[in-house]
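This is run04.csv. It holds CSV, C-alpha atoms.
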```
chain,number,residue,atom,x,y,z
S,1451,MET,CA,14.0,-35.5,34.3
S,1452,SER,CA,15.8,-32.3,35.2
S,1453,ILE,CA,12.6,-30.4,34.2
S,1454,ALA,CA,10.6,-32.6,36.5
S,1455,ALA,CA,13.1,-31.8,39.3
S,1456,ALA,CA,12.7,-28.1,38.5
S,1457,VAL,CA,8.9,-28.4,38.7
S,1458,LEU,CA,9.1,-30.0,42.1
S,1459,ASP,CA,11.6,-27.4,43.3
S,1460,ALA,CA,9.1,-24.7,42.3
S,1461,VAL,CA,6.3,-26.5,44.0
S,1462,ARG,CA,8.3,-26.8,47.2
S,1463,ALA,CA,9.4,-23.1,47.1
S,1464,GLU,CA,5.9,-21.9,46.5
S,1465,THR,CA,4.5,-24.1,49.3
S,1466,ALA,CA,7.1,-23.0,51.7
S,1467,ARG,CA,5.9,-19.4,51.4
S,1468,ARG,CA,2.7,-20.5,53.1
S,1469,PRO,CA,3.8,-22.1,56.4
S,1470,GLY,CA,2.0,-25.3,57.3
S,1471,ALA,CA,0.4,-25.6,53.8
S,1472,ARG,CA,0.6,-28.8,51.8
S,1473,ALA,CA,0.3,-28.9,48.0
S,1474,THR,CA,-2.3,-31.4,46.7
S,1475,ARG,CA,-2.4,-30.4,43.0
S,1476,ALA,CA,-0.1,-28.5,40.7
S,1477,GLY,CA,-1.2,-26.9,37.4
S,1478,LEU,CA,1.4,-26.9,34.6
S,1479,ARG,CA,1.2,-25.0,31.4
S,1480,ILE,CA,3.2,-26.6,28.6
S,1481,GLY,CA,3.6,-25.1,25.2
S,1482,GLU,CA,3.7,-27.0,21.9
S,1483,LEU,CA,7.2,-25.6,21.2
S,1484,SER,CA,8.6,-26.1,24.7
S,1485,GLY,CA,10.4,-29.3,23.8
S,1486,VAL,CA,8.6,-31.1,26.6
S,1487,GLU,CA,6.5,-34.2,26.0
S,1488,THR,CA,3.8,-34.0,28.6
S,1489,GLU,CA,3.3,-37.7,29.1
S,1490,SER,CA,7.0,-38.3,29.8
S,1491,LEU,CA,7.0,-35.3,32.1
S,1492,ARG,CA,4.0,-36.7,34.0
S,1493,PHE,CA,5.7,-40.0,34.3
S,1494,CYS,CA,8.9,-38.4,35.7
S,1495,LEU,CA,6.9,-36.3,38.1
S,1496,GLU,CA,4.8,-39.1,39.4
S,1497,THR,CA,7.9,-41.3,39.9
S,1498,MET,CA,9.9,-38.5,41.6
S,1499,VAL,CA,7.0,-37.6,44.0
S,1500,SER,CA,6.2,-41.2,45.0
S,1501,GLY,CA,7.3,-41.9,48.6
S,1502,THR,CA,8.5,-38.3,49.3
S,1503,ASP,CA,7.1,-35.5,51.4
S,1504,LEU,CA,5.1,-34.3,48.3
S,1505,ASP,CA,3.2,-37.6,47.9
S,1506,PRO,CA,0.3,-37.6,47.0
S,1507,LEU,CA,0.5,-34.6,44.6
S,1508,ALA,CA,-1.6,-34.6,41.4
S,1509,PHE,CA,-0.8,-32.8,38.2
S,1510,ASP,CA,-2.9,-31.0,35.7
S,1511,PHE,CA,-1.5,-30.1,32.3
S,1512,GLU,CA,-2.7,-27.3,30.2
S,1513,PHE,CA,-1.6,-27.5,26.6
S,1514,CYS,CA,-0.6,-24.2,24.9
S,1515,PRO,CA,-0.7,-24.3,21.1
S,1516,TRP,CA,2.0,-22.8,18.9
S,1517,THR,CA,0.8,-19.4,17.8
S,1518,ARG,CA,2.0,-16.5,15.6
S,1519,ARG,CA,0.8,-12.9,15.3
S,1520,CYS,CA,0.3,-11.3,11.9
S,1521,ARG,CA,2.1,-7.9,11.5
S,1522,ALA,CA,-0.3,-7.0,8.7
S,1523,CYS,CA,-3.7,-7.6,10.3
S,1524,SER,CA,-2.8,-8.2,14.0
S,1525,THR,CA,-4.5,-11.6,14.2
S,1526,THR,CA,-3.0,-14.1,16.5
S,1527,PHE,CA,-3.5,-17.5,15.0
S,1528,ARG,CA,-2.6,-21.1,15.7
S,1529,VAL,CA,0.1,-22.5,13.4
S,1530,ALA,CA,-1.3,-25.5,11.5
S,1531,ASP,CA,0.7,-27.8,9.3
S,1532,TYR,CA,3.9,-25.9,10.1
S,1533,ASP,CA,2.6,-23.0,8.0
S,1534,PRO,CA,3.9,-19.6,9.4
S,1535,ALA,CA,1.7,-17.5,7.1
S,1536,CYS,CA,-1.3,-15.7,8.6
S,1537,ALA,CA,-4.4,-17.9,8.8
S,1538,SER,CA,-6.6,-14.9,8.4
S,1539,CYS,CA,-5.2,-12.7,5.7
S,1540,GLY,CA,-2.4,-14.9,4.3
S,1541,SER,CA,0.4,-12.5,4.9
S,1542,ALA,CA,3.8,-14.0,5.4
S,1543,ASP,CA,4.9,-11.2,7.7
S,1544,THR,CA,4.2,-12.9,11.0
S,1545,GLU,CA,6.0,-13.2,14.4
S,1546,ALA,CA,6.2,-15.7,17.1
S,1547,ALA,CA,3.4,-15.3,19.7
S,1548,GLY,CA,3.3,-18.3,21.9
S,1549,GLY,CA,3.9,-22.0,22.4
S,1550,ASP,CA,7.1,-22.1,24.4
S,1551,GLN,CA,5.5,-21.9,27.8
S,1552,MET,CA,6.7,-24.1,30.6
S,1553,GLU,CA,5.1,-22.7,33.7
S,1554,LEU,CA,3.7,-23.6,37.1
S,1555,SER,CA,0.3,-21.9,36.7
S,1556,TYR,CA,-1.4,-22.8,40.1
S,1557,LEU,CA,-1.1,-24.8,43.2
S,1558,GLU,CA,-3.9,-26.2,45.2
S,1559,LEU,CA,-3.0,-26.1,48.9
S,1560,GLU,CA,-4.4,-27.6,52.0
S,1561,GLU,CA,-3.9,-25.4,55.1
S,1562,PRO,CA,-3.9,-26.7,58.6
J,645,MET,CA,-7.5,-23.4,48.2
J,646,ARG,CA,-6.2,-22.7,44.7
J,647,VAL,CA,-3.3,-20.2,44.5
J,648,PRO,CA,-2.7,-18.9,40.9
J,649,LEU,CA,1.0,-18.6,40.0
J,650,GLU,CA,2.9,-17.5,36.9
J,651,ARG,CA,6.1,-19.1,37.7
J,652,LYS,CA,8.4,-20.3,35.0
J,653,VAL,CA,9.5,-23.8,35.7
J,654,LEU,CA,13.1,-23.1,34.7
J,655,ASN,CA,13.2,-19.7,36.5
J,656,GLU,CA,16.3,-20.5,38.5
J,657,ASN,CA,18.1,-21.5,35.2
J,658,ASP,CA,16.8,-18.3,33.6
J,659,ARG,CA,18.0,-16.2,36.5
J,660,ILE,CA,21.5,-17.5,36.2
J,661,ALA,CA,21.4,-17.2,32.4
J,662,ALA,CA,20.4,-13.6,32.8
J,663,THR,CA,23.4,-12.8,35.0
J,664,LEU,CA,25.7,-14.6,32.5
J,665,ARG,CA,24.2,-12.6,29.6
J,666,GLU,CA,24.8,-9.4,31.5
J,667,ARG,CA,28.4,-10.4,32.1
J,668,PHE,CA,29.0,-11.2,28.5
J,669,GLN,CA,27.3,-8.1,27.3
J,670,SER,CA,29.2,-5.8,29.7
J,671,HIS,CA,32.5,-7.2,28.4
J,672,GLY,CA,31.6,-7.3,24.8
J,673,THR,CA,31.9,-11.1,24.7
J,674,PHE,CA,29.9,-12.8,21.9
J,675,CYS,CA,28.6,-16.1,23.3
J,676,LEU,CA,27.3,-18.7,20.8
J,677,ASN,CA,25.4,-21.8,21.9
J,678,LEU,CA,25.8,-24.7,19.4
J,679,ILE,CA,23.2,-27.4,19.4
J,680,SER,CA,22.7,-30.5,17.2
J,681,SER,CA,22.3,-34.2,17.2
J,682,PRO,CA,25.4,-36.3,18.1
J,683,GLY,CA,27.6,-36.5,15.0
J,684,SER,CA,26.3,-33.5,13.0
J,685,GLY,CA,29.7,-31.8,13.2
J,686,LYS,CA,29.7,-29.3,16.1
J,687,THR,CA,33.3,-30.2,17.1
J,688,SER,CA,34.4,-30.3,13.5
J,689,LEU,CA,32.9,-26.9,12.8
J,690,LEU,CA,34.7,-25.5,15.9
J,691,GLU,CA,38.0,-27.1,14.7
J,692,ARG,CA,37.7,-25.4,11.3
J,693,THR,CA,36.7,-22.1,13.0
J,694,LEU,CA,39.6,-22.1,15.5
J,695,GLU,CA,42.2,-23.0,12.9
J,696,SER,CA,41.2,-20.0,10.9
J,697,PHE,CA,41.7,-17.5,13.7
J,698,ASP,CA,44.9,-15.6,14.4
J,699,PRO,CA,46.3,-17.2,17.6
J,700,ALA,CA,46.4,-13.7,19.2
J,701,ARG,CA,42.6,-13.5,19.1
J,702,ARG,CA,40.8,-14.0,22.4
J,703,ILE,CA,38.6,-16.9,21.7
J,704,ALA,CA,37.5,-19.6,24.2
J,705,VAL,CA,35.4,-22.8,24.1
J,706,LEU,CA,33.3,-24.7,26.6
J,707,THR,CA,32.4,-28.1,25.3
J,708,GLY,CA,29.8,-30.3,27.0
J,709,ASP,CA,29.6,-34.1,26.8
J,710,ILE,CA,28.0,-36.8,29.0
J,711,GLN,CA,31.4,-38.5,29.3
J,712,THR,CA,35.0,-38.1,28.1
J,713,ASP,CA,37.1,-35.0,27.4
J,714,ASN,CA,37.8,-36.1,23.9
J,715,ASP,CA,36.3,-32.9,22.4
J,716,ALA,CA,38.3,-30.6,24.6
J,717,ARG,CA,41.5,-32.4,23.6
J,718,ARG,CA,40.6,-32.1,19.9
J,719,LEU,CA,39.9,-28.4,20.3
J,720,ALA,CA,42.8,-27.6,22.6
J,721,ARG,CA,45.3,-28.3,19.7
J,722,PHE,CA,44.6,-24.8,18.3
J,723,GLY,CA,46.1,-23.0,21.3
J,724,PHE,CA,42.9,-21.3,22.5
J,725,PRO,CA,41.6,-22.0,26.0
J,726,VAL,CA,39.1,-24.9,26.0
J,727,ARG,CA,37.2,-26.4,28.9
J,728,GLN,CA,35.3,-29.6,29.0
J,729,ILE,CA,32.1,-29.8,31.0
J,730,THR,CA,31.3,-33.4,31.7
J,731,THR,CA,27.7,-33.6,32.7
J,732,GLY,CA,27.9,-37.2,34.1
J,733,GLY,CA,24.6,-38.2,32.6
J,734,ALA,CA,22.7,-35.0,31.9
J,735,CYS,CA,21.7,-34.7,28.3
J,736,HIS,CA,22.1,-30.9,28.1
J,737,LEU,CA,24.1,-28.0,29.6
J,738,ASP,CA,22.3,-25.7,32.0
J,739,ALA,CA,23.2,-22.2,33.0
J,740,ARG,CA,24.7,-23.3,36.4
J,741,MET,CA,27.1,-25.6,34.7
J,742,VAL,CA,28.3,-22.8,32.5
J,743,GLU,CA,28.5,-20.4,35.4
J,744,ARG,CA,30.7,-23.0,37.3
J,745,ALA,CA,32.9,-23.7,34.4
J,746,LEU,CA,33.5,-19.9,33.9
J,747,ALA,CA,34.0,-19.2,37.6
J,748,ASP,CA,37.8,-18.7,37.5
J,749,TRP,CA,38.1,-17.9,33.8
J,750,PRO,CA,38.8,-14.3,32.6
J,751,VAL,CA,35.6,-14.0,30.6
J,752,GLU,CA,36.0,-10.3,30.3
J,753,GLN,CA,39.0,-10.9,28.0
J,754,PHE,CA,37.2,-13.1,25.6
J,755,GLU,CA,35.8,-11.8,22.3
J,756,ILE,CA,34.0,-15.0,21.5
J,757,LEU,CA,32.9,-17.8,23.8
J,758,PHE,CA,31.7,-20.9,21.9
J,759,VAL,CA,29.6,-23.2,24.0
J,760,GLU,CA,29.3,-26.6,22.4
J,761,ASN,CA,26.2,-28.2,23.9
J,762,VAL,CA,25.7,-32.0,24.5
J,763,GLY,CA,24.7,-33.7,21.3
J,764,ASN,CA,20.9,-33.8,21.6
J,765,LEU,CA,18.2,-32.0,19.6
J,766,VAL,CA,15.6,-31.9,22.4
J,767,CYS,CA,16.7,-31.0,26.0
J,768,PRO,CA,19.3,-28.3,25.3
J,769,THR,CA,16.5,-26.2,23.7
J,770,SER,CA,14.9,-25.5,27.0
J,771,TYR,CA,18.0,-24.2,28.8
J,772,ASP,CA,19.1,-20.7,28.2
J,773,LEU,CA,22.8,-20.4,28.8
J,774,GLY,CA,23.0,-16.6,28.6
J,775,GLU,CA,24.1,-16.9,25.0
J,776,GLU,CA,23.7,-14.0,22.5
J,777,ALA,CA,22.9,-16.3,19.6
J,778,ARG,CA,22.0,-19.9,19.1
J,779,ALA,CA,23.2,-22.1,16.2
J,780,VAL,CA,21.7,-25.4,15.2
J,781,LEU,CA,23.6,-27.8,13.0
J,782,LEU,CA,22.0,-30.3,10.7
J,783,SER,CA,24.0,-32.6,8.5
J,784,VAL,CA,23.0,-34.1,5.1
J,785,THR,CA,23.3,-37.7,6.5
J,786,GLU,CA,20.3,-37.0,8.7
J,787,GLY,CA,16.7,-36.5,7.5
J,788,GLU,CA,15.5,-33.2,5.8
J,789,ASP,CA,12.4,-33.3,8.1
J,790,LYS,CA,14.4,-32.8,11.3
J,791,PRO,CA,13.2,-29.2,11.6
J,792,LEU,CA,9.7,-30.5,11.6
J,793,LYS,CA,10.4,-33.3,14.1
J,794,TYR,CA,12.3,-31.1,16.5
J,795,PRO,CA,10.5,-27.7,15.9
J,796,ALA,CA,11.4,-26.3,19.3
J,797,THR,CA,15.1,-26.4,18.6
J,798,PHE,CA,14.8,-24.8,15.2
J,799,HIS,CA,12.3,-22.3,16.4
J,800,HIS,CA,14.8,-20.9,19.0
J,801,ALA,CA,17.8,-20.9,16.6
J,802,ASP,CA,19.2,-17.8,14.9
J,803,VAL,CA,21.2,-19.7,12.4
J,804,MET,CA,21.1,-23.2,10.9
J,805,VAL,CA,24.4,-24.6,9.7
J,806,LEU,CA,23.8,-27.3,7.1
J,807,ASN,CA,27.0,-29.4,7.3
J,808,LYS,CA,28.6,-32.2,5.2
J,809,ILE,CA,27.3,-30.8,1.9
J,810,ASP,CA,30.3,-32.5,0.2
J,811,LEU,CA,28.3,-35.7,0.7
J,812,LEU,CA,25.2,-34.5,-1.1
J,813,PRO,CA,26.0,-36.4,-4.3
J,814,TYR,CA,26.0,-39.7,-2.4
J,815,VAL,CA,22.9,-39.3,-0.2
J,816,PRO,CA,19.2,-38.8,-1.0
J,817,PHE,CA,19.1,-35.7,1.2
J,818,GLN,CA,17.3,-32.7,-0.5
J,819,ALA,CA,18.9,-29.5,0.9
J,820,ALA,CA,16.2,-27.3,-0.5
J,821,VAL,CA,13.5,-29.3,1.4
J,822,ALA,CA,15.5,-29.1,4.6
J,823,CYS,CA,15.9,-25.3,4.3
J,824,GLU,CA,12.2,-24.9,3.5
J,825,ASN,CA,11.3,-27.0,6.5
J,826,ALA,CA,13.6,-24.9,8.8
J,827,ARG,CA,12.0,-21.6,7.4
J,828,ARG,CA,8.5,-23.0,8.1
J,829,ILE,CA,9.4,-23.4,11.7
J,830,GLN,CA,11.4,-20.1,11.9
J,831,PRO,CA,10.9,-17.8,9.0
J,832,GLU,CA,13.8,-15.5,10.1
J,833,ILE,CA,16.4,-18.3,10.5
J,834,GLU,CA,19.7,-17.7,8.6
J,835,ILE,CA,21.0,-20.8,6.7
J,836,LEU,CA,24.6,-21.5,5.9
J,837,GLU,CA,25.6,-24.5,3.9
J,838,VAL,CA,29.0,-25.8,4.7
J,839,SER,CA,31.4,-28.7,4.6
J,840,CYS,CA,33.9,-29.0,7.4
J,841,THR,CA,35.7,-31.6,5.3
J,842,THR,CA,36.3,-29.6,2.1
J,843,GLY,CA,35.9,-26.1,3.7
J,844,ALA,CA,33.1,-25.2,1.3
J,845,GLY,CA,30.9,-22.4,2.7
J,846,LEU,CA,33.0,-21.8,5.7
J,847,GLU,CA,33.8,-18.3,4.5
J,848,ARG,CA,30.2,-17.4,4.9
J,849,TRP,CA,30.1,-18.9,8.4
J,850,ARG,CA,33.2,-16.8,9.3
J,851,SER,CA,31.5,-13.7,7.9
J,852,TRP,CA,28.4,-14.5,10.0
J,853,LEU,CA,30.5,-14.6,13.1
J,854,ALA,CA,32.4,-11.5,12.1
J,855,GLY,CA,29.1,-9.7,11.6
J,856,HIS,CA,28.0,-10.5,15.1
J,857,LEU,CA,31.4,-9.3,16.5
J,858,SER,CA,31.3,-6.0,14.6
J,859,ALA,CA,27.7,-5.4,15.8
J,860,LYS,CA,28.9,-5.9,19.4
J,861,HIS,CA,31.7,-3.4,19.0
J,862,SER,CA,29.6,-0.7,17.3
J,863,PRO,CA,28.7,2.4,19.3
J,864,ARG,CA,25.4,0.8,20.3
J,865,ARG,CA,27.3,-1.4,22.7
J,866,ARG,CA,25.9,-1.2,26.2
J,867,GLY,CA,27.1,-1.8,29.7
J,868,GLY,CA,30.3,-1.7,31.9
J,869,ALA,CA,32.9,-2.1,29.2
J,870,GLU,CA,31.7,1.1,27.6
J,871,GLU,CA,32.0,2.9,30.9
J,872,ASN,CA,35.6,1.7,31.3
J,873,GLU,CA,36.6,3.1,28.0
J,874,LYS,CA,35.5,6.6,28.8
```

In C-alpha cells, write the structure found in this file.
Amino acid sequence: MSIAAAVLDAVRAETARRPGARATRAGLRIGELSGVETESLRFCLETMVSGTDLDPLAFDFEFCPWTRRCRACSTTFRVADYDPACASCGSADTEAAGGDQMELSYLELEEP
Amino acid sequence: MRVPLERKVLNENDRIAATLRERFQSHGTFCLNLISSPGSGKTSLLERTLESFDPARRIAVLTGDIQTDNDARRLARFGFPVRQITTGGACHLDARMVERALADWPVEQFEILFVENVGNLVCPTSYDLGEEARAVLLSVTEGEDKPLKYPATFHHADVMVLNKIDLLPYVPFQAAVACENARRIQPEIEILEVSCTTGAGLERWRSWLAGHLSAKHSPRRRGGAEENEK
C-alpha cells in the first residue's frame, strides 16, 4: 500500500512539472527481486486512484527478470531455478545484475 | 504524449536514506538493519548482544513494531538508549520514520545503531534506512525454503543469522539445506548459526560486529569525523 502511495506521489510530481497536463497511463518497471507482487500493487493502485483527481489512470507493468553477470565470460543471464552459476560457461563467479527495479518508466499525458 | 521517465518509485525514501547514511558515515556510526519474520529472535539477539557490551560503550537501538513498546522495554534493561518506533499499522520501517526518531538523538556519539525492523520478510526489503549492513534472521522452527520463498530479502542481506539452533534435535529443519538455499539467492551472504537461548555461536556474531566496527575505524574512514580529528 505504501508503495502504491509512492507511485501515485511520483505520478503527481511528474505531472505537475507540465502545467495543465493530465496523466492517463503510467508505465511501471517491476523487478523479480523487488519484493513487489504486481497484481496486488495493481489492485492497490486502482483502489487508491478511484474517485480521486487521478481517475481514470491506467497502469502498464513491465516485468524485469532476475539477472546476474558472469565475471569470467561477461555474459548477463537470467537466473533460472535459483541457480547463480553462469548459464553460458558455468562459472560460479557471478554478480548481481538486475531484478530489483521498482521504477516509473513513463507517463502518457494529455495536454490541454 | 508519452514522456519517458527513469524515476525510482521510492526515490523520496532513498533520498532520506542517503542523507542518513552520510550522517552515519561521517560520524563513524555502524548502522545495522535487522529483518526477519515475527518470532525469529531479533529482539532476543539484541538482548544477548547488549548484555555482552561494556555499559560504557556507545550503543543505541531503534526498534519498530506495529503496536506496543514491549520490545523497547525489554531492550532498555541493559542501560543503552533505546527508542521504539510504533508504525501504527505500517508493516515496515521507512527512512523518514528513522530520521524522525533520530531527530533529537546524539547520533554522532553512537558507535553502533541497531535498527530492529517490523517483523515481516517482505516489505522491509524495499526500504533503505541508510544502514551500512543488513542482517536477516531465520530460525529453525521455520522452513528451510524461506530464502527461496522470500528471495528479495535474502538477496539484499549481508549476513544471515540462523537462530534457535539449540532446537535442531527436535525439529525436522535441515540447516545445511537452509544455508544452501540462502547461498543460491545470495552467493556472498555470510551465515552465522546461533542460539540466543544457550549462547551457542554468539561469539562469532560478536566478532562479525567487531569486524565491521574495526573496518569503520581504519584509516580508510571517510567524511567529517576524520576532518575533526585533524

Using 6 Å as the limit and counting all atoms listed in the file, can you tabulate each residue of chain J that touches chain S, with its shortest atom-to-atom distance in Å and the two atoms involved, as JSON lines?
```
{"residue": "J:Met645", "atom": "CA", "partner": "S:Leu1559", "partner_atom": "CA", "distance": 5.3}
{"residue": "J:Arg646", "atom": "CA", "partner": "S:Glu1558", "partner_atom": "CA", "distance": 4.2}
{"residue": "J:Val647", "atom": "CA", "partner": "S:Leu1557", "partner_atom": "CA", "distance": 5.3}
{"residue": "J:Pro648", "atom": "CA", "partner": "S:Tyr1556", "partner_atom": "CA", "distance": 4.2}
{"residue": "J:Leu649", "atom": "CA", "partner": "S:Ser1555", "partner_atom": "CA", "distance": 4.7}
{"residue": "J:Glu650", "atom": "CA", "partner": "S:Ser1555", "partner_atom": "CA", "distance": 5.1}
{"residue": "J:Arg651", "atom": "CA", "partner": "S:Leu1554", "partner_atom": "CA", "distance": 5.1}
{"residue": "J:Lys652", "atom": "CA", "partner": "S:Glu1553", "partner_atom": "CA", "distance": 4.3}
{"residue": "J:Val653", "atom": "CA", "partner": "S:Glu1553", "partner_atom": "CA", "distance": 5.0}
{"residue": "J:Val766", "atom": "CA", "partner": "S:Gly1485", "partner_atom": "CA", "distance": 6.0}
{"residue": "J:Ala796", "atom": "CA", "partner": "S:Leu1483", "partner_atom": "CA", "distance": 4.7}
{"residue": "J:Arg828", "atom": "CA", "partner": "S:Tyr1532", "partner_atom": "CA", "distance": 5.8}
```

- When you draw a straight line from atom CA of J:Asn825 to atom CA of J:Ala739, how long is it in Å?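 Between atom CA of J:Asn825 and atom CA of J:Ala739 the gap is 29.4 Å.
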
- Task: Write out as a list in words which residues come within 12 Å of J:Thr712 when counting only C-alpha atoms, dropping same-chain ones fewer than 2 positions away.
- Result: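 Skipping anything fewer than 2 positions along the chain leaves Thr707, Gly708, Asp709, Ile710, Asn714, Asp715, Ala716, Arg717, Arg718, Arg727, Gln728, Ile729, Thr730, Thr731, Gly732, Gly733 and Val762 of chain J.
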
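The two atoms in question, atom CA of J:Glu752 and atom CA of J:Arg702, are spaced 10.0 Å apart.
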
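Atom CA of J:Pro699 is positioned 26.8 Å from atom CA of J:Glu666.
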
With 10 Å as the cut-off and only C-alpha atoms counted, what is the closest atom pair between each nearby residue of stretch 774-806 of chain J and stretch 680-687 of chain J? Distances in Å to one decimal, ordered by chain and number, as a Markdown table.
```
| residue | atom | partner | partner_atom | distance |
| --- | --- | --- | --- | --- |
| J:Ala779 | CA | J:Ser680 | CA | 8.5 |
| J:Val780 | CA | J:Ser680 | CA | 5.6 |
| J:Leu781 | CA | J:Ser680 | CA | 5.1 |
| J:Leu782 | CA | J:Ser684 | CA | 5.8 |
| J:Ser783 | CA | J:Ser684 | CA | 5.1 |
| J:Val784 | CA | J:Ser684 | CA | 8.6 |
| J:Thr785 | CA | J:Ser684 | CA | 8.3 |
| J:Glu786 | CA | J:Ser684 | CA | 8.2 |
| J:Lys790 | CA | J:Ser681 | CA | 10.0 |
| J:Thr797 | CA | J:Ser680 | CA | 8.7 |
| J:Phe798 | CA | J:Ser680 | CA | 9.9 |
| J:Met804 | CA | J:Ser680 | CA | 9.8 |
| J:Val805 | CA | J:Lys686 | CA | 9.5 |
| J:Leu806 | CA | J:Ser684 | CA | 8.9 |
```

- Query: Do you know which residues are at most 9 Å from J:Val838 counting all atoms listed in the file, after dropping those on the same chain fewer than 3 positions away, and could you put them as a list in words?
  - Reply: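 That gives Val805, Leu806, Asn807, Lys808, Ile809, Asp810, Thr841, Thr842, Gly843, Ala844, Gly845, Leu846, Glu847, Arg848 and Trp849 of chain J.
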